[in-house]
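Working notes, structure below.
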Amino acid sequence: MRDELSIEDLGTEGLESGVWGEWVDTTEYLRDDSTLPYTGSGPIDLRRNRKDGQNFPIFQTEQELAVIRGVGRALVDQTEWGAGALEVLSAFTMGTGYSWKVVPKKESLNPEQAAVVAARVKSVLDELIRENSWTMDREDEFLKRGARDGEVFLALIDGPDGCPRMRFVEPSMVTEPAPAVARQLEEIYGLECGNWRFGIHTREGDVETVFGYFVQWTDSQADFSYVPASRMTHWKKNVDRNVKRGVSDFFPMFKTLPKAVKLLVNMVTGGSVQAAIAWILTLPEGTTKAQADSVVAANAQTSKQQVAGASVSARNATRYPAGSVITTREGATYSAGPMGAERNQGFVEVLQAALRTVGIRWTMPEFMISGDASNANYASTLAAASPFGRARRRDQTRLGMVWTDMFRKAINAAFRKGVFESVVGSLQELWAMIELVYSAPDVQIQNDVEAVGVALQKLQLGVKRDVVLRELGYDPDSEAEAMPAGYNPAGGGDPAAGPAPQADAALGTSRLQFKRNMAAINDILAQLQTGGSEARVQSLLEGVGLSADRAAALIQDALDGSIDDTSGLESGRIFREVAAIGPFSAGPFAPSRKMSETVESVVGIVGSVAVGTLPRDAGLAQLTQIVGLTANQAAAVMGSAGTGDAPEGAAIERALSKWWQNL
């Protein structure tokens with residue numbers, strides 16, 4: 001069976017008889033432009049086109065891939081628009097850089113150890129970021145390399161202190177080894193005999209299963225390394241997963257952008273020549289050359305040396321200071337110079353069309369690629385930038401996933417060097433306790449005044465403060481550290497305004513919304529005192545968002561009037577789950593319920609400190625700044641955290657009696 005398909009196979013029945021007229025080749029458009037990288041009958045998709053990770057008809061060999069990278073680098077390094085586009089991509093995607101946190105997993109079986117492991121991993125991660133100049137430096141270069149070259153190789157090398165060092169590997173260095181070298185590597189390291197095309201060692205027949213990378217550092221045959229996949233991050237762009245290498249963002253514009261550059265150069269060159277011609281003096285008909293020369297000489301005020309080959313001659317020149325009045329000779333006329341010819345406007349329109357085409361590659365509005373926003377008002381500019389902003393947010397998510405995997409590899413490498421042996425026994429145990437969380441900068445294409453107004457409305461509706469801050473492009477952790485006591489983001493930020501009713505980090509939701517949730521739950525629990533069945537109350541509690549076991553625990557507490565779990569942790573978990581419930585209709589908020597809600601708040605904060613999800617100092621700050629306890633009261637209540645003794649509800653009520661008088 002043949003793999004190839006020719007035009008003759010399409011069928012010519014009826015052509016010879018002339019019934020259908022002259023035969024028309026419907027695939028001619030694929031071959032009528034010699035600049036397209038297609039040959040024969042066109043770009044036919046065959047099974048073998050990607051068998052070994054190549055990408056026919058774009059590239060099949062490393063040499064063709066090198067040409068594609070060369071195109072991208074030339075367009076970035078030698079054109080203003082290429083370099084400018086890369087800066088715009090970096091500015092909107094990277095902003096001021098990503099921020100990283102290490103948090104204990106909620107499902108961890110040992111919360112206290114998870115908190116210790118998270119703190120140790122965070123210190124190593126901070127060192128890794130600092131030692132490798134990652135933020136706003138290497139991460140920015142990572143993005144630019146990916147857009148320019150179509151792929152990035154970043155290797156992890158052991159540092160002297162156990163902290164890995166990041167090193168970029170040039171794409172040209174990742175190359176297919178000689179068959180003898182490949183066999184030698186497979187024998188020495190016990191590697192699987194696989195596919196080595198394009199320098200990426202994969203399983204035969206499965207190019208997505210990557211074992212490692214062959215790196216030829218120099219032209220010396222012996223200067224090479226085999227880098228396992230656990231030590232290399234490879235980010236490829238603009239290709240499918242079964243293609244081994246990436247393609248530059250700039251490759252599709254290899255015909256358009258150079259012509260736009262040529263057009264601009266010609267326009268600038270022509271314009272500069274035309275601008276040098278002030279006016280044209282037309283002498284009367286019949287004037288001889290000698291007469292014309294005498295006219296020029298008569299008007300000359302100075303002369304300039306003019307070099308033509310080996311000869312040097314004097315050239316007459318005339319200066320016209322401001323306010324000069326030109327008097328024509330008899331029969332001579334003056335004409336304006338060629339500046340402002342009508343055809344120049346057509347050139348500008350062609351150039352703008354070319355730049356709009358280039359900007360399509362990144363859904364980039366015209367004013368971002370051309371620098372000309374004269375034809376767009378503010379509203380239309382924001383509307384035009386919206387698709388660009390969405391595209392950059394997608395890029396942020398892709399990069400976040402790639403870098404999360406990269407940092408995991410770096411932490412794994414540090415673990416193998418014994419950096420974490422004092423806090424955890426295995427990698428499996430380590431990753432079962434913690435997770436890496438990144439925060440990408442906001443793609444700020446918005447009306448800032450409107451954005452702040454929307455943020456305030458969200459706070460009033462009960463949206464979490466951390467969520468609102470991230471939407472505005474701020475880091476909630478750093479902003480919380482800088483927040484003065486009593487700061488109220490929904491009330492103008494006046495420290496004298498007292499505790500903030502709209503932003504409670506301890507509750508996980510707004511304080512107002514938590515009160516509403518608790519009021520509704522208390523209304524449901526009150527039905528137990530008026531003859532309501534436990535099954536009905538259980539159903540209602542689950543209906544407002546509580547899990548079955550949490551609802552059952554609350555019912556039991558309401559029936560016997562005490563907290564059953566002596567550690568106080570169960571009530572803390574109930575507290576956090578209530579805080580996480582979204583807005584729902586609440587019944588009347590009776591003043592008699594206030595004390596029980598405050599007790600729940602205090603128990604929840606103390607419980608959070610006990611399980612390690614909240615630092616002790618932060619818990620003390622929340623008890624004083626949010627709940628309103630004095631420093632002595634907060635210290636006394638916090639004394640039970642981690643000791644196994646629950647804060648007793650009646651004692652808390654007595655200690656807080658003055659607090660209610662100030663409400």
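We name chains A, B, ... following the order of the structure tokens; residues begin at 1 in each chain, and ligands are numbered from 1 as shown.
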Q) Near Ala147 (chain A), counting only C-alpha atoms, which residues have an atom at most 9 Å away, once you skip same-chain residues fewer than 5 positions from it, shown as number ranges by chain? A) A: 72, 86, 89, 142, 237, 247-250
Save the residues we just selected, N, CA and C atoms, as a short mmCIF file (atom, residue, chain, number, x, y, z; two decimals), in the first residue's frame?
```cif
data_model
loop_
_atom_site.label_atom_id
_atom_site.label_comp_id
_atom_site.auth_asym_id
_atom_site.auth_seq_id
_atom_site.Cartn_x
_atom_site.Cartn_y
_atom_site.Cartn_z
N GLY A 72 14.11 33.66 14.50
CA GLY A 72 13.58 34.31 15.70
C GLY A 72 14.57 35.26 16.33
N LEU A 86 8.77 41.69 22.52
CA LEU A 86 9.24 40.84 23.60
C LEU A 86 9.18 41.57 24.94
N LEU A 89 5.50 41.65 26.05
CA LEU A 89 5.11 40.34 26.58
C LEU A 89 5.63 40.15 27.99
N PHE A 142 13.77 33.54 31.12
CA PHE A 142 13.10 32.28 30.76
C PHE A 142 11.97 32.56 29.78
N LYS A 237 7.35 25.47 22.94
CA LYS A 237 6.19 26.26 22.55
C LYS A 237 5.79 25.99 21.11
N VAL A 247 9.06 25.71 18.47
CA VAL A 247 9.23 26.63 17.34
C VAL A 247 9.03 28.05 17.84
N SER A 248 9.87 28.96 17.37
CA SER A 248 9.86 30.36 17.80
C SER A 248 8.52 31.03 17.54
N ASP A 249 8.11 31.91 18.45
CA ASP A 249 6.92 32.73 18.23
C ASP A 249 7.05 33.57 16.96
N PHE A 250 8.28 33.92 16.60
CA PHE A 250 8.51 34.84 15.49
C PHE A 250 8.59 34.14 14.14
#
```
Q. Could you pull the residues within 12 Å of Tyr438 (chain A), counting only C-alpha atoms, minus those fewer than 5 positions along the same chain, as a ChimeraX atom specification?
A. /A:97-103,396-405,407,470,475
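The interatomic distance for the pair CA of Glu127 (chain A) and CA of Ala410 (chain A) works out to 11.4 Å.
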**Q.** Near-Ala635 (chain A) list (8 Å; only C-alpha atoms; drop same-chain fewer than 4 positions) as a list of chain:residue names
**A.** A:Leu620, A:Ala631, A:Gly639
For Leu191 (chain A), find every residue with an atom within 10 Å (counting only C-alpha atoms), except residues of its own chain fewer than 4 positions away, and show them as a short mmCIF file (atom, residue, chain, number, x, y, z; two decimals) with N, CA and C atoms, in the first residue's frame.
```cif
data_model
loop_
_atom_site.label_atom_id
_atom_site.label_comp_id
_atom_site.auth_asym_id
_atom_site.auth_seq_id
_atom_site.Cartn_x
_atom_site.Cartn_y
_atom_site.Cartn_z
N ALA A 182 25.69 6.99 22.02
CA ALA A 182 24.41 6.62 22.61
C ALA A 182 24.47 5.22 23.21
N ARG A 183 25.06 4.28 22.48
CA ARG A 183 25.18 2.91 23.01
C ARG A 183 26.07 2.88 24.26
N GLN A 184 27.14 3.68 24.24
CA GLN A 184 28.02 3.74 25.40
C GLN A 184 27.29 4.26 26.63
N LEU A 185 26.49 5.32 26.46
CA LEU A 185 25.72 5.85 27.57
C LEU A 185 24.72 4.82 28.10
N GLU A 186 24.06 4.13 27.19
CA GLU A 186 23.08 3.12 27.59
C GLU A 186 23.73 2.00 28.39
N GLU A 187 24.96 1.64 28.02
CA GLU A 187 25.65 0.56 28.72
C GLU A 187 26.18 1.03 30.07
N HIS A 201 16.35 11.95 24.84
CA HIS A 201 16.28 10.50 24.98
C HIS A 201 14.89 10.10 25.45
N PHE A 211 13.49 10.41 29.14
CA PHE A 211 14.44 9.91 30.13
C PHE A 211 15.52 10.94 30.45
N GLY A 212 15.99 11.65 29.44
CA GLY A 212 17.06 12.59 29.66
C GLY A 212 17.44 13.35 28.40
#
```
